[in-house]
Each structure stands twice: as structure tokens, then as C-alpha cells.
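Participant: Input model-v8.cif, format and content: mmCIF, C-alpha atoms and all ligand atoms.
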```
data_upload
#
loop_
_atom_site.group_PDB
_atom_site.id
_atom_site.type_symbol
_atom_site.label_atom_id
_atom_site.label_comp_id
_atom_site.auth_asym_id
_atom_site.auth_seq_id
_atom_site.Cartn_x
_atom_site.Cartn_y
_atom_site.Cartn_z
ATOM 1 C CA MET A 1 -18.552 -16.565 4.621
ATOM 2 C CA ASN A 2 -14.779 -16.172 4.292
ATOM 3 C CA LEU A 3 -13.827 -14.662 0.965
ATOM 4 C CA LEU A 4 -10.505 -13.975 -0.679
ATOM 5 C CA LEU A 5 -10.220 -11.412 -3.484
ATOM 6 C CA LEU A 6 -7.271 -12.093 -5.775
ATOM 7 C CA GLY A 7 -6.203 -9.992 -8.730
ATOM 8 C CA PRO A 8 -3.551 -7.519 -9.832
ATOM 9 C CA PRO A 9 -3.253 -4.050 -8.306
ATOM 10 C CA GLY A 10 -6.005 -1.900 -9.795
ATOM 11 C CA ALA A 11 -8.292 -4.869 -10.509
ATOM 12 C CA GLY A 12 -10.931 -3.333 -8.269
ATOM 13 C CA LYS A 13 -10.451 -5.527 -5.185
ATOM 14 C CA GLY A 14 -10.783 -2.591 -2.783
ATOM 15 C CA THR A 15 -13.897 -1.252 -4.539
ATOM 16 C CA GLN A 16 -15.573 -4.655 -4.545
ATOM 17 C CA ALA A 17 -14.523 -5.368 -0.942
ATOM 18 C CA LYS A 18 -16.175 -2.134 0.213
ATOM 19 C CA ARG A 19 -19.417 -3.088 -1.519
ATOM 20 C CA LEU A 20 -19.322 -6.511 0.081
ATOM 21 C CA VAL A 21 -18.811 -4.890 3.482
ATOM 22 C CA ALA A 22 -21.806 -2.622 2.866
ATOM 23 C CA GLU A 23 -24.022 -5.455 1.591
ATOM 24 C CA TYR A 24 -23.107 -8.362 3.848
ATOM 25 C CA GLY A 25 -21.380 -6.696 6.820
ATOM 26 C CA TRP A 26 -18.288 -8.887 6.489
ATOM 27 C CA PRO A 27 -15.259 -6.799 7.492
ATOM 28 C CA GLN A 28 -12.640 -6.039 4.848
ATOM 29 C CA VAL A 29 -9.162 -7.223 5.793
ATOM 30 C CA SER A 30 -6.804 -5.129 3.672
ATOM 31 C CA THR A 31 -3.147 -5.367 4.651
ATOM 32 C CA GLY A 32 -2.478 -2.444 2.285
ATOM 33 C CA ASP A 33 -4.933 -0.229 4.238
ATOM 34 C CA MET A 34 -3.466 -1.406 7.543
ATOM 35 C CA LEU A 35 0.070 -0.602 6.385
ATOM 36 C CA ARG A 36 -0.999 2.830 5.093
ATOM 37 C CA GLU A 37 -2.652 3.582 8.449
ATOM 38 C CA ALA A 38 0.534 2.502 10.253
ATOM 39 C CA ARG A 39 2.522 4.832 7.993
ATOM 40 C CA SER A 40 0.270 7.823 8.648
ATOM 41 C CA ALA A 41 0.437 7.118 12.378
ATOM 42 C CA GLY A 42 4.239 6.909 12.164
ATOM 43 C CA THR A 43 4.434 3.567 14.011
ATOM 44 C CA PRO A 44 7.551 1.344 13.786
ATOM 45 C CA LEU A 45 5.574 -0.990 11.492
ATOM 46 C CA GLY A 46 4.667 1.921 9.220
ATOM 47 C CA LYS A 47 8.263 3.098 9.091
ATOM 48 C CA GLU A 48 9.510 -0.376 8.214
ATOM 49 C CA ALA A 49 6.893 -0.829 5.488
ATOM 50 C CA ALA A 50 7.293 2.585 3.832
ATOM 51 C CA SER A 51 10.301 1.957 1.586
ATOM 52 C CA TYR A 52 8.902 -1.364 0.312
ATOM 53 C CA MET A 53 5.543 0.216 -0.461
ATOM 54 C CA ASP A 54 7.053 3.166 -2.316
ATOM 55 C CA ALA A 55 9.127 0.785 -4.435
ATOM 56 C CA GLY A 56 6.109 -1.445 -5.140
ATOM 57 C CA GLU A 57 7.815 -4.372 -3.400
ATOM 58 C CA LEU A 58 6.219 -6.739 -0.922
ATOM 59 C CA VAL A 59 6.679 -5.873 2.732
ATOM 60 C CA PRO A 60 8.509 -8.814 4.391
ATOM 61 C CA ALA A 61 6.215 -11.753 5.149
ATOM 62 C CA ASN A 62 7.095 -11.972 8.858
ATOM 63 C CA VAL A 63 5.732 -8.447 9.314
ATOM 64 C CA VAL A 64 2.587 -8.803 7.225
ATOM 65 C CA ILE A 65 1.590 -12.249 8.446
ATOM 66 C CA GLY A 66 1.618 -11.041 12.066
ATOM 67 C CA VAL A 67 -0.522 -8.027 11.220
ATOM 68 C CA ALA A 68 -3.044 -10.079 9.242
ATOM 69 C CA LYS A 69 -3.370 -12.827 11.861
ATOM 70 C CA GLU A 70 -3.929 -10.319 14.623
ATOM 71 C CA ARG A 71 -6.713 -8.717 12.590
ATOM 72 C CA LEU A 72 -8.279 -12.093 11.784
ATOM 73 C CA MET A 73 -8.475 -12.901 15.486
ATOM 74 C CA GLY A 74 -10.749 -9.897 16.065
ATOM 75 C CA SER A 75 -14.181 -10.660 17.531
ATOM 76 C CA ASP A 76 -15.868 -9.000 14.523
ATOM 77 C CA MET A 77 -14.539 -11.724 12.195
ATOM 78 C CA ALA A 78 -16.855 -14.473 13.451
ATOM 79 C CA GLY A 79 -19.501 -14.016 10.741
ATOM 80 C CA GLY A 80 -16.999 -13.985 7.874
ATOM 81 C CA TYR A 81 -14.619 -11.534 6.230
ATOM 82 C CA VAL A 82 -13.244 -10.324 2.916
ATOM 83 C CA LEU A 83 -9.480 -10.704 2.440
ATOM 84 C CA ASP A 84 -8.133 -8.021 0.115
ATOM 85 C CA GLY A 85 -4.397 -7.963 -0.638
ATOM 86 C CA PHE A 86 -3.486 -10.809 1.699
ATOM 87 C CA PRO A 87 -2.070 -13.376 1.072
ATOM 88 C CA ARG A 88 0.273 -12.007 -1.596
ATOM 89 C CA ASN A 89 2.705 -14.906 -2.063
ATOM 90 C CA LEU A 90 2.962 -18.627 -1.333
ATOM 91 C CA GLU A 91 4.654 -18.128 2.026
ATOM 92 C CA GLN A 92 1.759 -15.954 3.191
ATOM 93 C CA ALA A 93 -0.809 -18.352 1.711
ATOM 94 C CA GLU A 94 0.710 -21.291 3.552
ATOM 95 C CA ALA A 95 0.775 -19.307 6.807
ATOM 96 C CA LEU A 96 -2.898 -18.452 6.276
ATOM 97 C CA ASP A 97 -3.798 -22.085 5.470
ATOM 98 C CA GLU A 98 -2.128 -23.194 8.695
ATOM 99 C CA PHE A 99 -3.797 -20.447 10.733
ATOM 100 C CA LEU A 100 -7.244 -21.352 9.368
ATOM 101 C CA THR A 101 -6.749 -25.105 9.812
ATOM 102 C CA GLU A 102 -5.712 -24.605 13.452
ATOM 103 C CA ARG A 103 -8.935 -22.677 14.022
ATOM 104 C CA GLY A 104 -11.107 -25.180 12.149
ATOM 105 C CA GLU A 105 -11.887 -22.568 9.488
ATOM 106 C CA SER A 106 -11.395 -22.342 5.750
ATOM 107 C CA LEU A 107 -11.876 -20.008 2.815
ATOM 108 C CA ASP A 108 -15.291 -20.459 1.211
ATOM 109 C CA LEU A 109 -14.690 -18.564 -2.005
ATOM 110 C CA VAL A 110 -11.633 -17.268 -3.875
ATOM 111 C CA VAL A 111 -12.555 -14.610 -6.432
ATOM 112 C CA ASN A 112 -9.923 -14.166 -9.120
ATOM 113 C CA ILE A 113 -10.513 -10.770 -10.749
ATOM 114 C CA ARG A 114 -8.804 -10.689 -14.143
ATOM 115 C CA VAL A 115 -7.833 -7.453 -15.910
ATOM 116 C CA ASP A 116 -5.485 -6.584 -18.757
ATOM 117 C CA PRO A 117 -2.292 -4.785 -17.549
ATOM 118 C CA ASP A 118 -2.758 -1.767 -19.890
ATOM 119 C CA VAL A 119 -6.209 -1.078 -18.516
ATOM 120 C CA ILE A 120 -4.778 -1.339 -15.019
ATOM 121 C CA VAL A 121 -2.129 1.334 -15.465
ATOM 122 C CA LYS A 122 -4.719 3.890 -16.615
ATOM 123 C CA ARG A 123 -7.072 2.900 -13.817
ATOM 124 C CA ILE A 124 -4.429 3.234 -11.134
ATOM 125 C CA LEU A 125 -3.132 6.563 -12.424
ATOM 126 C CA GLY A 126 -6.708 7.889 -12.225
ATOM 127 C CA ARG A 127 -7.356 6.783 -8.637
ATOM 128 C CA ARG A 128 -8.134 9.464 -6.039
ATOM 129 C CA ALA A 129 -9.069 8.794 -2.414
ATOM 130 C CA CYS A 130 -10.675 11.155 0.057
ATOM 131 C CA SER A 131 -8.324 12.124 2.867
ATOM 132 C CA GLY A 132 -11.235 13.168 5.108
ATOM 133 C CA PRO A 133 -11.449 11.219 8.361
ATOM 134 C CA GLU A 134 -14.038 8.410 8.233
ATOM 135 C CA CYS A 135 -15.104 9.204 4.632
ATOM 136 C CA GLY A 136 -13.497 6.460 2.562
ATOM 137 C CA GLY A 137 -14.621 8.171 -0.676
ATOM 138 C CA ASP A 138 -13.041 6.588 -3.752
ATOM 139 C CA PHE A 139 -12.978 8.214 -7.184
ATOM 140 C CA ASN A 140 -11.284 7.822 -10.521
ATOM 141 C CA ILE A 141 -10.684 10.852 -12.717
ATOM 142 C CA TYR A 142 -11.154 8.684 -15.844
ATOM 143 C CA PHE A 143 -13.805 6.181 -14.830
ATOM 144 C CA ASN A 144 -15.708 7.651 -11.870
ATOM 145 C CA PRO A 145 -14.843 11.364 -11.967
ATOM 146 C CA PRO A 146 -15.541 13.651 -9.020
ATOM 147 C CA ALA A 147 -16.917 17.125 -9.858
ATOM 148 C CA SER A 148 -13.471 18.537 -9.062
ATOM 149 C CA GLU A 149 -10.226 16.540 -9.209
ATOM 150 C CA GLU A 150 -9.197 17.887 -5.794
ATOM 151 C CA VAL A 151 -12.396 17.795 -3.749
ATOM 152 C CA CYS A 152 -14.459 14.860 -2.473
ATOM 153 C CA ASP A 153 -18.089 14.959 -3.710
ATOM 154 C CA ASP A 154 -19.227 13.180 -0.553
ATOM 155 C CA CYS A 155 -17.662 15.241 2.250
ATOM 156 C CA GLY A 156 -15.687 18.109 0.685
ATOM 157 C CA GLY A 157 -12.388 16.609 1.916
ATOM 158 C CA GLU A 158 -9.195 16.798 -0.112
ATOM 159 C CA LEU A 159 -8.746 14.094 -2.765
ATOM 160 C CA VAL A 160 -5.269 12.579 -2.808
ATOM 161 C CA GLN A 161 -3.305 10.111 -4.884
ATOM 162 C CA ARG A 162 -1.559 7.207 -3.113
ATOM 163 C CA SER A 163 2.213 7.712 -3.062
ATOM 164 C CA ASP A 164 2.690 4.331 -4.788
ATOM 165 C CA ASP A 165 0.246 5.193 -7.609
ATOM 166 C CA ASN A 166 2.907 6.509 -10.004
ATOM 167 C CA GLU A 167 3.757 4.819 -13.302
ATOM 168 C CA GLU A 168 7.144 3.416 -12.284
ATOM 169 C CA THR A 169 5.875 1.869 -9.051
ATOM 170 C CA ILE A 170 2.786 0.533 -10.810
ATOM 171 C CA ARG A 171 4.902 -1.332 -13.389
ATOM 172 C CA ASN A 172 6.890 -2.901 -10.577
ATOM 173 C CA ARG A 173 3.763 -3.781 -8.594
ATOM 174 C CA LEU A 174 2.389 -5.526 -11.682
ATOM 175 C CA GLU A 175 5.624 -7.459 -12.096
ATOM 176 C CA VAL A 176 5.631 -8.419 -8.405
ATOM 177 C CA TYR A 177 2.016 -9.523 -8.813
ATOM 178 C CA ARG A 178 2.856 -11.695 -11.817
ATOM 179 C CA ARG A 179 5.836 -13.286 -10.093
ATOM 180 C CA GLU A 180 4.632 -13.634 -6.502
ATOM 181 C CA THR A 181 0.855 -13.446 -6.299
ATOM 182 C CA GLU A 182 -0.470 -14.952 -9.531
ATOM 183 C CA PRO A 183 0.772 -18.441 -8.567
ATOM 184 C CA LEU A 184 -1.746 -18.362 -5.704
ATOM 185 C CA ILE A 185 -4.549 -18.924 -8.216
ATOM 186 C CA GLU A 186 -3.141 -22.391 -8.911
ATOM 187 C CA HIS A 187 -2.436 -22.886 -5.176
ATOM 188 C CA TYR A 188 -6.148 -22.494 -4.464
ATOM 189 C CA ARG A 189 -7.543 -23.973 -7.714
ATOM 190 C CA PRO A 190 -7.530 -27.624 -6.496
ATOM 191 C CA SER A 191 -9.790 -26.643 -3.574
ATOM 192 C CA GLY A 192 -12.561 -25.977 -6.109
ATOM 193 C CA LYS A 193 -13.210 -22.597 -4.456
ATOM 194 C CA VAL A 194 -11.746 -20.405 -7.225
ATOM 195 C CA VAL A 195 -14.006 -18.471 -9.588
ATOM 196 C CA ASP A 196 -12.647 -16.288 -12.395
ATOM 197 C CA ILE A 197 -14.387 -12.946 -12.903
ATOM 198 C CA ASP A 198 -13.870 -10.454 -15.738
ATOM 199 C CA GLY A 199 -12.600 -7.325 -13.968
ATOM 200 C CA ALA A 200 -12.648 -5.200 -17.127
ATOM 201 C CA ALA A 201 -16.432 -4.890 -16.860
ATOM 202 C CA GLU A 202 -18.192 -2.008 -15.074
ATOM 203 C CA PRO A 203 -17.910 -2.183 -11.252
ATOM 204 C CA ASP A 204 -21.666 -2.928 -10.966
ATOM 205 C CA GLU A 205 -21.336 -5.897 -13.322
ATOM 206 C CA VAL A 206 -18.265 -7.208 -11.518
ATOM 207 C CA TYR A 207 -20.128 -6.897 -8.237
ATOM 208 C CA ALA A 208 -23.175 -8.717 -9.636
ATOM 209 C CA ALA A 209 -20.940 -11.589 -10.792
ATOM 210 C CA ILE A 210 -19.327 -11.887 -7.353
ATOM 211 C CA GLU A 211 -22.681 -11.673 -5.620
ATOM 212 C CA ALA A 212 -24.046 -14.470 -7.823
ATOM 213 C CA GLU A 213 -21.155 -16.730 -6.768
ATOM 214 C CA ILE A 214 -21.735 -15.923 -3.110
ATOM 215 C CA GLU A 215 -25.447 -16.616 -3.341
ATOM 216 C CA LYS A 216 -24.828 -19.950 -5.097
ATOM 217 C CA ARG A 217 -22.721 -21.025 -2.149
ATOM 218 C CA ARG A 218 -25.103 -19.754 0.490
ATOM 219 C CA GLY A 219 -27.862 -21.835 -1.106
HETATM 220 P P1 LIG A 301 -2.392 -2.622 -1.723
HETATM 221 O O1 LIG A 301 -3.125 -1.501 -1.071
HETATM 222 O O2 LIG A 301 -2.992 -3.957 -1.397
HETATM 223 O O3 LIG A 301 -2.189 -2.408 -3.191
HETATM 224 O O4 LIG A 301 -0.923 -2.637 -1.069
HETATM 225 C C1 LIG A 301 -0.036 -1.544 -1.197
HETATM 226 C C2 LIG A 301 1.379 -1.978 -0.846
HETATM 227 O O5 LIG A 301 1.418 -2.443 0.505
HETATM 228 C C3 LIG A 301 1.920 -3.143 -1.670
HETATM 229 O O6 LIG A 301 2.497 -2.717 -2.895
HETATM 230 C C4 LIG A 301 2.974 -3.709 -0.724
HETATM 231 O O7 LIG A 301 4.147 -2.911 -0.688
HETATM 232 C C5 LIG A 301 2.280 -3.554 0.630
HETATM 233 N N1 LIG A 301 1.452 -4.754 0.958
HETATM 234 C C6 LIG A 301 0.099 -4.807 1.107
HETATM 235 N N2 LIG A 301 -0.311 -6.052 1.420
HETATM 236 C C7 LIG A 301 0.809 -6.806 1.458
HETATM 237 C C8 LIG A 301 1.065 -8.184 1.714
HETATM 238 N N3 LIG A 301 0.060 -9.047 1.975
HETATM 239 N N4 LIG A 301 2.349 -8.612 1.677
HETATM 240 C C9 LIG A 301 3.370 -7.769 1.426
HETATM 241 N N5 LIG A 301 3.209 -6.468 1.158
HETATM 242 C C10 LIG A 301 1.947 -5.977 1.186
#
```
Just give me the structure of the file as C-alpha cells.
Ligand code: AMP
Facilitator:
Amino acid sequence: MNLLLLGPPGAGKGTQAKRLVAEYGWPQVSTGDMLREARSAGTPLGKEAASYMDAGELVPANVVIGVAKERLMGSDMAGGYVLDGFPRNLEQAEALDEFLTERGESLDLVVNIRVDPDVIVKRILGRRACSGPECGGDFNIYFNPPASEEVCDDCGGELVQRSDDNEETIRNRLEVYRRETEPLIEHYRPSGKVVDIDGAAEPDEVYAAIEAEIEKRRG
């Protein structure tokens, strides 16, 4: 099943995507993760993306679309995937529509995770990720606190804050979301594939709601 997670930054798309990966084995396609990896590796792509990411702006579409398409052509995508953070505007959505149509594929479910902006700012400011290789540990000092704010409970690695998780960048990312990404909900609505989920609930409840929608469609 091909799934798209839509929602503002901090809505919990990454958290839910990881659970879906664990449960169903569908790979997570996160352009944000791919860009962060490119930055850490110091590649030309990473260098180009860095200033946009730090300002909370969208990385230019020609760059991101190429990266996403290449990932979607991977042999591990055949059984379905979870799109997280792509597409982010109409230009990207149209490029994705065209790409899928050419391949005889489509999105099966678009999950619109809704959360109030004030809740989001607190959530994002509390986010901490494990920097340990291969760990992927995710914590939140307010909502899912680790024993120590600096150390990963799972592997003992250092917990770090994303460089774009500061209040100024968050406000801009929310504004960019409202202006560029939110219109995608209405882009996809006529397909009948969009479901609205309350993202203010506990992660387990949000997951259960998404799972119920998936199971309905899988019969
Ligand atoms: P995310 O991890 O999805 O919150 O993305 C972090 C940052 O990466 C965003 O604020 C953008 O600067 C950039 N980014 C991620 N995905 C995209 C995309 N599909 N289009 C443009 N920029 C993106």
C-alpha cells in the first residue's frame, strides 16, 4: 500500500511513519531525513539544501523531486511505502502524480494529521533524536522524556536537537506549511483517499486511527 502522511511539522509524521515501517515493512520515504543525511555527509546536495533548511524554507523543487523519485525507484518499494514530508507543495505533488501515473501506480491513502500550531511549537522544541549510528531513537523532553536529556535510553548515544528545531525557524516552517503544503489536502481530497486524523491525541491513539484506515482499505 502506498501511503502519504500530510500534516504540519511536529504533527508526528516521522513517529507514525516509523511505526508503520515496523508493523508493515513499508519503507519510509522522508525527504527531510535524506537531506539531513546529505548534509552530514557533506555532499553537494547537502550543501545546497543547508541554508534553506536552517531558514525553514523549502529546498528548491528541482532538487527534491529528483531525490524523491530516485528513492521511489528502489527495488524495496514494490510492496508499498510511506511518504513523509514529500510532496510539500503543488509543484511536487504534480510531479509525483505524473511519476506514479507513468508507472501505473497511485497513492492508496492520504493521512492528514491535524494539530493546533501552539501544541506543535512545544512539541518541536522538546524533540531530541539519538545521534548514535543505526539507533533512530526519538524522544521528547516534554511528552516522551528520556531518563537524561542528553543520553539515549536505548543505546547510550548522545541526544541532539535538530538545527532547525528552534522557535524562529519553527514559526517559519509553520507558515511555509500553511502557504505551500496545506493546499495539498484539497489537491488530494477529490480522489477520495484523504482521511483526517486528530494528531493532538497520544501517539498510540493516532497510530490506531491510521491502522484502522489501512485495514479498512486492505479488506
Ligand atoms: P522535515 O524533516 O520533513 O521536517 O524537513 C526538514 C526540512 O527539509 C524542511 O524544513 C525543508 O527545508 C527541507 N525539506 C524536506 N522535505 C522537503 C520537500 N519535500 N521539499 C522541500 N524541502 C524539503
Participant: Pick out the residues sitting within 8 Å of range 203-219 of chain A, and hand them over as a list in words; count all atoms listed in the file, and ignore anything fewer than 5 positions along from it in its own chain.
Facilitator: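 Surrounding residues, per the criterion: Gly12, Thr15, Gln16, Arg19, Leu109, Val111, Val195, Ile197 and Asp198 of chain A.
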Participant: Restricting the output to C-alpha atoms, write the selected residues as a compact mmCIF listing (two decimals), in the coordinates of the input.
Facilitator:
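As a result, result-v1.txt now contains:
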```
# COMPACT_ATOMS: atom_id res chain seq x y z
CA GLY A 12 -10.93 -3.33 -8.27
CA THR A 15 -13.90 -1.25 -4.54
CA GLN A 16 -15.57 -4.66 -4.54
CA ARG A 19 -19.42 -3.09 -1.52
CA LEU A 109 -14.69 -18.56 -2.00
CA VAL A 111 -12.56 -14.61 -6.43
CA VAL A 195 -14.01 -18.47 -9.59
CA ILE A 197 -14.39 -12.95 -12.90
CA ASP A 198 -13.87 -10.45 -15.74
```
Participant: Given all atoms listed in the file, how would the per-residue table for range 32-122 of chain A near range 153-167 of chain A read, listing every residue at most 12 Å away with its closest atom pair and distance in Å to one decimal, sorted by chain and number, as JSON lines?
Facilitator:
```
{"residue": "A:Gly32", "atom": "CA", "partner": "A:Asp164", "partner_atom": "CA", "distance": 11.1}
{"residue": "A:Asp33", "atom": "CA", "partner": "A:Arg162", "partner_atom": "CA", "distance": 11.0}
{"residue": "A:Arg36", "atom": "CA", "partner": "A:Arg162", "partner_atom": "CA", "distance": 9.3}
{"residue": "A:Arg39", "atom": "CA", "partner": "A:Ser163", "partner_atom": "CA", "distance": 11.4}
{"residue": "A:Ser40", "atom": "CA", "partner": "A:Ser163", "partner_atom": "CA", "distance": 11.9}
{"residue": "A:Ala50", "atom": "CA", "partner": "A:Asp164", "partner_atom": "CA", "distance": 9.9}
{"residue": "A:Ser51", "atom": "CA", "partner": "A:Asp164", "partner_atom": "CA", "distance": 10.2}
{"residue": "A:Tyr52", "atom": "CA", "partner": "A:Asp164", "partner_atom": "CA", "distance": 9.9}
{"residue": "A:Met53", "atom": "CA", "partner": "A:Asp164", "partner_atom": "CA", "distance": 6.6}
{"residue": "A:Asp54", "atom": "CA", "partner": "A:Asp164", "partner_atom": "CA", "distance": 5.1}
{"residue": "A:Ala55", "atom": "CA", "partner": "A:Asp164", "partner_atom": "CA", "distance": 7.4}
{"residue": "A:Gly56", "atom": "CA", "partner": "A:Asp164", "partner_atom": "CA", "distance": 6.7}
{"residue": "A:Glu57", "atom": "CA", "partner": "A:Asp164", "partner_atom": "CA", "distance": 10.2}
{"residue": "A:Asp118", "atom": "CA", "partner": "A:Glu167", "partner_atom": "CA", "distance": 11.4}
{"residue": "A:Ile120", "atom": "CA", "partner": "A:Glu167", "partner_atom": "CA", "distance": 10.7}
{"residue": "A:Val121", "atom": "CA", "partner": "A:Glu167", "partner_atom": "CA", "distance": 7.2}
{"residue": "A:Lys122", "atom": "CA", "partner": "A:Glu167", "partner_atom": "CA", "distance": 9.1}
```
Participant: Can you work out which one of A:Thr169, A:Ser106, A:Ser191, A:Asn2 has the shortest atom-to-atom distance to ligand LIG 301 (chain A), counting all atoms listed in the file?
Facilitator: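 Of the candidates, the smallest distance to ligand LIG 301 (chain A) is held by A:Thr169.
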Participant: Apply the PyMOL selection byres (((chain A and resi 67-74) around 8) and not hetatm) to the displayed file and report the matching residues as a ChimeraX atom specification.
Facilitator: /A:29,31,63-66,75-77,86,96,99
Participant: How many Å separate CA of Pro190 in chain A from CA of Leu4 in chain A?
Facilitator: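 Those two atoms sit 15.1 Å apart.
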Participant: Select, from A:Leu3, A:Glu105, A:Gly46, A:Val151, the residue with the minimum atom-to-atom distance to Leu83 in chain A, counting only C-alpha atoms.
Facilitator: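 Result for the nearest residue to Leu83 in chain A: A:Leu3.
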Participant: Using all atoms listed in the file, what residues lie at most 12 Å away from (-2.1, -18.5, -9.3) (file coordinates), given as an MDAnalysis selection string?
Facilitator: chainID A and resid 6:8 87:90 93 110:114 177:190 194:196
Participant: One decimal, Å: what's the distance from CA of Asp116 in chain A over to CA of Asp84 in chain A, could you say?
Facilitator: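 We find that CA of Asp116 in chain A and CA of Asp84 in chain A lie 19.1 Å from each other.
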Participant: What gap, in Å, lies between CA of Asn140 in chain A and atom C7 of ligand LIG 301 (chain A)?
Facilitator: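 Separation of CA of Asn140 in chain A and atom C7 of ligand LIG 301 (chain A): 22.4 Å.
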Participant: Using only C-alpha atoms and all ligand atoms, pick whichever of A:Ala95, A:Leu35, A:Ala41, A:Leu107 has the shortest atom-to-atom distance to ligand LIG 301 (chain A).
Facilitator: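 Counting only C-alpha atoms and all ligand atoms, the residue closest to ligand LIG 301 (chain A) is A:Leu35.
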Participant: Pick from A:Cys152, A:Leu174, A:Tyr142, A:Gln28: nearest to Gly80 in chain A, with all atoms listed in the file counted?
Facilitator: A:Gln28
Participant: Enumerate, as a PyMOL selection string, the residues matched when the PyMOL selection byres (((chain A and resi 141) around 9) and not hetatm) is run on the file above.
Facilitator: chain A and resi 123+125-128+139-140+142-146+148-149
Participant: Go ahead and fit an axis-aligned box to every listed atom of range 91-95 of chain A plus 4 Å each side, and pass me the centre and edge lengths in Å, one decimal, as lines of an AutoDock Vina configuration file.
Facilitator:
```
center_x = 1.9
center_y = -18.6
center_z = 4.3
size_x = 13.5
size_y = 13.3
size_z = 13.1
```
Participant: Considering all atoms listed in the file, can you say which of A:Ala22, A:Val59, A:Ala78, A:Leu45 comes closest to ligand LIG 301 (chain A)?
Facilitator: A:Val59
Participant: Which residue is closest to ligand LIG 301 (chain A)? Choose from A:Glu202, A:Asp108, A:Ala17, A:Ser30 and count all atoms listed in the file.
Facilitator: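 Counting all atoms listed in the file, the residue closest to ligand LIG 301 (chain A) is A:Ser30.
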